[in-house]
Amino acid sequence: MSGRWAMLTAVCLTLLSTTALAREEQHRSPQRHLRGGRRLPAAAPTVPTSRLPVPPQLYDVAILDLMEPGHREQELGGAQFQTVVKFGEIKTLRYPNLVKGYLDQGFEVVMVMEFLDDEVKTNLDLIADGYYDDYLYRFIDEMIDDGNRAVTIRPLHEFNGDWYAWGTQAGGNNDIPTFIAAWQHIHRVFTSKRANVQFQLAYNCKSGLNDDTPFTAWWPGAQYVDMVVCSGYNRAGSPGYEAVEWQSFEEMFAPAYAQMAALNPTVPLGIGETSTVELAGYDKAQWIRDAFASMATAFPRLRQATWFLQNKDDGEWDLNSEEQIAAFSEGLLQYTPQGLAQTPFNYLPLTDANGDGIINGDDAPPPPLAIDVNANGVIDAAEVLPAAGAAPAVAVPTAQPTAAALP
């Protein structure tokens, strides 16, 4: 027995020695040691997960526009966007005029509800106390009468600023606790009627008056929020921002995205409004391409992005060249769902009304636009939409707002 144990001990010692030598050889050589004396290149070093490229994710694009969706998609060569954003003041907030027509065309709708009032100075106390509830209930009843189709609503947007009557920095009785009370009250109004709505909590990406209060201060509770968004623009060189440097979308949005992500671990995030000015020496078309790509790769919880495409006194935010139109179209095709069942109304094609060589929102006529119902290329007498408040000559759909008083 002692001889056999001695033999086993010797074998074990030999194996241990061989293993140790092999390990030492692996440390000395950048190549892997294989049986039979062959060597292969060393395995590539492991790349930390945080440095791996993020595969692009599809997200929805919404457009805030003077053009009708069909006209915009024609401009974009048939590339589709998914959602239409409409603004409506509280006293003329009518679902048939502002929402129904776009749902009928196959678009989703974000309804931005503005509590603006020419008769009284709106404040958060009034909203929280139910002063405007009758207008909200009217909208809800019209929505339910149409089948209670899904709509996203965005009340009290950019509440962390001082430029709207409901802003917590607008003075008066407005403060953060009263904002939370107003938000929760609006939520209860809609849920009490079982309205099929999703609530977007819409910050400005930078709070007004350079306030550094964290976004968490305005958080009304997870049960009151379905998506969080914020609005931010590249305003470099625009009126009032002449000293502001050019920023990429990612540079502008990243700090606010981090704050929104910290509000809740699962709530979807988005962009309430964004676009860029045009500035000599900078490439707006490339900014658009980079923004589309960043939205898909740098911000994993981003689910929706609203582009503001309107030229205004404070900046040329629309697509104003063939290069910019091509960049936007490419972004839609690459990063957003396509092949959607959309049936835009048969509006007559736009013409280059201002003669600048580009058809965009500057060429859009004021609403409401008549629809060529019989598709004969002209607007017949029966297809002319009536003035606000008059009965239509024919039952043609309209997605544009007309003035309406509370019955």
# chains A, B, ... in the order shown; residues from 1 in each chain; ligands from 1
$ select_by_dssp --residues "segment 169-203 of chain A" --states "alpha helix (DSSP H)" --output "short mmCIF file (atom, residue, chain, number, x, y, z; two decimals) with N, CA, C and O atoms, in the first residue's frame"
data_model
loop_
_atom_site.label_atom_id
_atom_site.label_comp_id
_atom_site.auth_asym_id
_atom_site.auth_seq_id
_atom_site.Cartn_x
_atom_site.Cartn_y
_atom_site.Cartn_z
N ILE A 176 -44.90 75.62 -5.15
CA ILE A 176 -44.82 74.21 -5.52
C ILE A 176 -45.92 73.38 -4.87
O ILE A 176 -46.56 72.56 -5.57
N PRO A 177 -46.22 73.52 -3.58
CA PRO A 177 -47.32 72.73 -3.01
C PRO A 177 -48.66 72.98 -3.71
O PRO A 177 -49.45 72.05 -3.91
N THR A 178 -48.92 74.23 -4.12
CA THR A 178 -50.17 74.53 -4.80
C THR A 178 -50.17 73.94 -6.21
O THR A 178 -51.21 73.49 -6.71
N PHE A 179 -49.00 73.91 -6.86
CA PHE A 179 -48.92 73.22 -8.15
C PHE A 179 -49.29 71.75 -8.00
O PHE A 179 -50.07 71.21 -8.79
N ILE A 180 -48.74 71.09 -7.01
CA ILE A 180 -49.03 69.67 -6.81
C ILE A 180 -50.51 69.46 -6.55
O ILE A 180 -51.14 68.54 -7.10
N ALA A 181 -51.13 70.35 -5.77
CA ALA A 181 -52.57 70.25 -5.52
C ALA A 181 -53.37 70.43 -6.81
O ALA A 181 -54.35 69.71 -7.06
N ALA A 182 -52.96 71.40 -7.64
CA ALA A 182 -53.66 71.64 -8.91
C ALA A 182 -53.52 70.44 -9.85
O ALA A 182 -54.49 70.02 -10.49
N TRP A 183 -52.31 69.91 -9.93
CA TRP A 183 -52.07 68.75 -10.80
C TRP A 183 -52.92 67.55 -10.36
O TRP A 183 -53.59 66.91 -11.18
N GLN A 184 -52.91 67.28 -9.09
CA GLN A 184 -53.67 66.14 -8.58
C GLN A 184 -55.17 66.36 -8.76
O GLN A 184 -55.91 65.40 -9.03
N HIS A 185 -55.62 67.60 -8.68
CA HIS A 185 -57.04 67.88 -8.89
C HIS A 185 -57.42 67.59 -10.35
O HIS A 185 -58.46 66.95 -10.61
N ILE A 186 -56.63 68.07 -11.30
CA ILE A 186 -56.92 67.80 -12.71
C ILE A 186 -56.95 66.29 -12.96
O ILE A 186 -57.82 65.77 -13.67
N HIS A 187 -56.02 65.58 -12.38
CA HIS A 187 -55.98 64.13 -12.53
C HIS A 187 -57.27 63.50 -12.01
O HIS A 187 -57.85 62.61 -12.65
N ARG A 188 -57.75 63.95 -10.86
CA ARG A 188 -58.98 63.38 -10.30
C ARG A 188 -60.19 63.68 -11.18
O ARG A 188 -61.10 62.83 -11.32
N VAL A 189 -60.23 64.85 -11.81
CA VAL A 189 -61.34 65.18 -12.70
C VAL A 189 -61.41 64.16 -13.84
O VAL A 189 -62.49 63.64 -14.16
N PHE A 190 -60.29 63.87 -14.46
CA PHE A 190 -60.29 62.94 -15.60
C PHE A 190 -60.54 61.50 -15.15
O PHE A 190 -61.28 60.77 -15.81
N THR A 191 -59.94 61.09 -14.06
CA THR A 191 -60.12 59.71 -13.63
C THR A 191 -61.52 59.47 -13.08
O THR A 191 -62.04 58.35 -13.17
N SER A 192 -62.16 60.51 -12.54
CA SER A 192 -63.52 60.33 -12.02
C SER A 192 -64.50 59.98 -13.12
O SER A 192 -65.52 59.34 -12.87
#
$ residues_around --residues "segment 338-355 of chain A" --least-positions-apart "4" --cutoff "7 Å" --atoms "only C-alpha atoms" --output "PyMOL selection string"
chain A and resi 69-71+80+105-107+333+359+363-364+370-373+377
$ write_last_selection --atoms "N, CA, C and O atoms" --output "PDB file, in the first residue's frame"
ATOM      1  N   PRO A  69     -50.623  67.391 -40.824  1.00  0.00           N
ATOM      2  CA  PRO A  69     -49.715  66.238 -40.901  1.00  0.00           C
ATOM      3  C   PRO A  69     -49.505  65.714 -42.311  1.00  0.00           C
ATOM      4  O   PRO A  69     -48.390  65.347 -42.675  1.00  0.00           O
ATOM      5  N   GLY A  70     -50.570  65.682 -43.090  1.00  0.00           N
ATOM      6  CA  GLY A  70     -50.413  65.197 -44.464  1.00  0.00           C
ATOM      7  C   GLY A  70     -49.478  66.066 -45.269  1.00  0.00           C
ATOM      8  O   GLY A  70     -48.660  65.567 -46.059  1.00  0.00           O
ATOM      9  N   HIS A  71     -49.571  67.386 -45.100  1.00  0.00           N
ATOM     10  CA  HIS A  71     -48.660  68.291 -45.791  1.00  0.00           C
ATOM     11  C   HIS A  71     -47.217  68.090 -45.319  1.00  0.00           C
ATOM     12  O   HIS A  71     -46.283  68.088 -46.120  1.00  0.00           O
ATOM     13  N   GLN A  80     -42.939  58.976 -42.081  1.00  0.00           N
ATOM     14  CA  GLN A  80     -44.041  59.187 -41.150  1.00  0.00           C
ATOM     15  C   GLN A  80     -43.551  59.620 -39.775  1.00  0.00           C
ATOM     16  O   GLN A  80     -42.517  59.159 -39.306  1.00  0.00           O
ATOM     17  N   GLN A 105     -57.234  60.328 -38.543  1.00  0.00           N
ATOM     18  CA  GLN A 105     -56.207  60.163 -39.578  1.00  0.00           C
ATOM     19  C   GLN A 105     -55.141  59.131 -39.199  1.00  0.00           C
ATOM     20  O   GLN A 105     -54.237  58.857 -39.987  1.00  0.00           O
ATOM     21  N   GLY A 106     -55.235  58.588 -37.983  1.00  0.00           N
ATOM     22  CA  GLY A 106     -54.294  57.549 -37.572  1.00  0.00           C
ATOM     23  C   GLY A 106     -53.120  58.037 -36.766  1.00  0.00           C
ATOM     24  O   GLY A 106     -52.157  57.285 -36.562  1.00  0.00           O
ATOM     25  N   PHE A 107     -53.167  59.286 -36.283  1.00  0.00           N
ATOM     26  CA  PHE A 107     -52.105  59.829 -35.447  1.00  0.00           C
ATOM     27  C   PHE A 107     -52.493  59.731 -33.975  1.00  0.00           C
ATOM     28  O   PHE A 107     -53.674  59.765 -33.634  1.00  0.00           O
ATOM     29  N   LEU A 333     -37.064  57.887 -40.667  1.00  0.00           N
ATOM     30  CA  LEU A 333     -36.977  56.558 -41.281  1.00  0.00           C
ATOM     31  C   LEU A 333     -36.090  55.622 -40.471  1.00  0.00           C
ATOM     32  O   LEU A 333     -36.353  54.420 -40.387  1.00  0.00           O
ATOM     33  N   ILE A 359     -41.229  74.779 -49.253  1.00  0.00           N
ATOM     34  CA  ILE A 359     -42.588  74.691 -48.722  1.00  0.00           C
ATOM     35  C   ILE A 359     -42.494  74.159 -47.305  1.00  0.00           C
ATOM     36  O   ILE A 359     -42.063  73.024 -47.076  1.00  0.00           O
ATOM     37  N   ASP A 363     -45.746  78.574 -45.249  1.00  0.00           N
ATOM     38  CA  ASP A 363     -46.673  78.589 -46.378  1.00  0.00           C
ATOM     39  C   ASP A 363     -48.058  78.059 -46.026  1.00  0.00           C
ATOM     40  O   ASP A 363     -48.942  78.009 -46.880  1.00  0.00           O
ATOM     41  N   ALA A 364     -48.246  77.640 -44.787  1.00  0.00           N
ATOM     42  CA  ALA A 364     -49.521  77.056 -44.384  1.00  0.00           C
ATOM     43  C   ALA A 364     -50.571  78.146 -44.206  1.00  0.00           C
ATOM     44  O   ALA A 364     -50.327  79.126 -43.503  1.00  0.00           O
ATOM     45  N   ALA A 370     -60.045  73.609 -45.710  1.00  0.00           N
ATOM     46  CA  ALA A 370     -61.082  72.808 -46.353  1.00  0.00           C
ATOM     47  C   ALA A 370     -60.477  71.524 -46.897  1.00  0.00           C
ATOM     48  O   ALA A 370     -59.302  71.468 -47.255  1.00  0.00           O
ATOM     49  N   ILE A 371     -61.295  70.490 -46.964  1.00  0.00           N
ATOM     50  CA  ILE A 371     -60.843  69.170 -47.412  1.00  0.00           C
ATOM     51  C   ILE A 371     -61.491  68.846 -48.747  1.00  0.00           C
ATOM     52  O   ILE A 371     -62.702  69.012 -48.926  1.00  0.00           O
ATOM     53  N   ASP A 372     -60.690  68.382 -49.687  1.00  0.00           N
ATOM     54  CA  ASP A 372     -61.199  67.993 -51.005  1.00  0.00           C
ATOM     55  C   ASP A 372     -61.848  66.613 -50.882  1.00  0.00           C
ATOM     56  O   ASP A 372     -61.256  65.590 -51.228  1.00  0.00           O
ATOM     57  N   VAL A 373     -63.067  66.592 -50.368  1.00  0.00           N
ATOM     58  CA  VAL A 373     -63.727  65.331 -50.038  1.00  0.00           C
ATOM     59  C   VAL A 373     -63.884  64.443 -51.259  1.00  0.00           C
ATOM     60  O   VAL A 373     -63.658  63.231 -51.210  1.00  0.00           O
ATOM     61  N   GLY A 377     -59.554  67.760 -56.975  1.00  0.00           N
ATOM     62  CA  GLY A 377     -58.470  68.719 -57.124  1.00  0.00           C
ATOM     63  C   GLY A 377     -58.849  70.153 -56.859  1.00  0.00           C
ATOM     64  O   GLY A 377     -57.991  71.039 -56.934  1.00  0.00           O
TER      65      GLY A 377
END
$ closest_atom_pairs --of "segment 63-128 of chain A" --to "segment 272-295 of chain A" --cutoff "12 Å" --atoms "only C-alpha atoms" --output "Markdown table"
| residue | atom | partner | partner_atom | distance |
| --- | --- | --- | --- | --- |
| A:Ile63 | CA | A:Glu273 | CA | 8.7 |
| A:Leu64 | CA | A:Glu273 | CA | 8.1 |
| A:Asp65 | CA | A:Glu273 | CA | 11.3 |
| A:Val85 | CA | A:Gly272 | CA | 9.7 |
| A:Val110 | CA | A:Gly272 | CA | 10.0 |
| A:Met111 | CA | A:Gly272 | CA | 11.6 |
| A:Val112 | CA | A:Gly272 | CA | 10.1 |
$ closest_atom_pairs --of "segment 181-208 of chain A" --to "segment 153-172 of chain A" --cutoff "6 Å" --atoms "only C-alpha atoms" --output "JSON lines"
{"residue": "A:Phe199", "atom": "CA", "partner": "A:Ile153", "partner_atom": "CA", "distance": 5.3}
{"residue": "A:Gln200", "atom": "CA", "partner": "A:Arg154", "partner_atom": "CA", "distance": 5.0}
{"residue": "A:Ala202", "atom": "CA", "partner": "A:His157", "partner_atom": "CA", "distance": 4.9}
{"residue": "A:Tyr203", "atom": "CA", "partner": "A:Glu158", "partner_atom": "CA", "distance": 4.6}
{"residue": "A:Asn204", "atom": "CA", "partner": "A:Glu158", "partner_atom": "CA", "distance": 4.7}
{"residue": "A:Ser207", "atom": "CA", "partner": "A:Asn160", "partner_atom": "CA", "distance": 5.2}
{"residue": "A:Gly208", "atom": "CA", "partner": "A:Gly161", "partner_atom": "CA", "distance": 4.1}
$ atom_distance --atom1 "atom CA of Leu76 of chain A" --atom2 "atom CA of Ala298 of chain A"
25.1 Å
$ residues_around --residues "Gln310 of chain A" --least-positions-apart "3" --cutoff "8 Å" --atoms "only C-alpha atoms" --output "ChimeraX atom specification"
/A:64-66,316-318,361-362
$ residues_around --residues "Glu114 of chain A" --least-positions-apart "3" --cutoff "6 Å" --atoms "only C-alpha atoms" --output "list in words"
Gly88, Glu89 and Ile90 of chain A
$ write_last_selection --atoms "C-alpha atoms" --output "PDB file, in the first residue's frame"
ATOM      1  CA  GLY A  88     -55.761  74.629 -26.608  1.00  0.00           C
ATOM      2  CA  GLU A  89     -56.825  77.369 -24.211  1.00  0.00           C
ATOM      3  CA  ILE A  90     -59.061  76.143 -21.439  1.00  0.00           C
TER       4      ILE A  90
END
$ residues_around --residues "Leu201 of chain A" --least-positions-apart "5" --cutoff "7 Å" --atoms "only C-alpha atoms" --output "list in words"
Arg154, Val225, Met227, Val228 and Val229 of chain A
$ write_last_selection --atoms "N, CA and C atoms" --output "PDB file, in the first residue's frame"
ATOM      1  N   ARG A 154     -51.371  67.123 -21.512  1.00  0.00           N
ATOM      2  CA  ARG A 154     -50.211  67.786 -20.901  1.00  0.00           C
ATOM      3  C   ARG A 154     -50.675  69.107 -20.286  1.00  0.00           C
ATOM      4  N   VAL A 225     -48.781  60.253 -12.740  1.00  0.00           N
ATOM      5  CA  VAL A 225     -47.922  60.567 -13.890  1.00  0.00           C
ATOM      6  C   VAL A 225     -47.716  59.314 -14.748  1.00  0.00           C
ATOM      7  N   MET A 227     -45.925  59.804 -17.978  1.00  0.00           N
ATOM      8  CA  MET A 227     -44.673  60.107 -18.683  1.00  0.00           C
ATOM      9  C   MET A 227     -44.169  61.449 -18.190  1.00  0.00           C
ATOM     10  N   VAL A 228     -42.850  61.594 -18.122  1.00  0.00           N
ATOM     11  CA  VAL A 228     -42.234  62.867 -17.753  1.00  0.00           C
ATOM     12  C   VAL A 228     -41.459  63.386 -18.952  1.00  0.00           C
ATOM     13  N   VAL A 229     -41.660  64.666 -19.286  1.00  0.00           N
ATOM     14  CA  VAL A 229     -40.954  65.281 -20.409  1.00  0.00           C
ATOM     15  C   VAL A 229     -40.399  66.628 -19.957  1.00  0.00           C
TER      16      VAL A 229
END
$ closest_residue --among "A:Lys86, A:Lys312, A:Arg235, A:Arg194" --to "Asp141 of chain A" --atoms "only C-alpha atoms"
A:Arg194
$ atom_distance --atom1 "atom CA of Tyr233 of chain A" --atom2 "atom CA of Arg303 of chain A"
18.3 Å
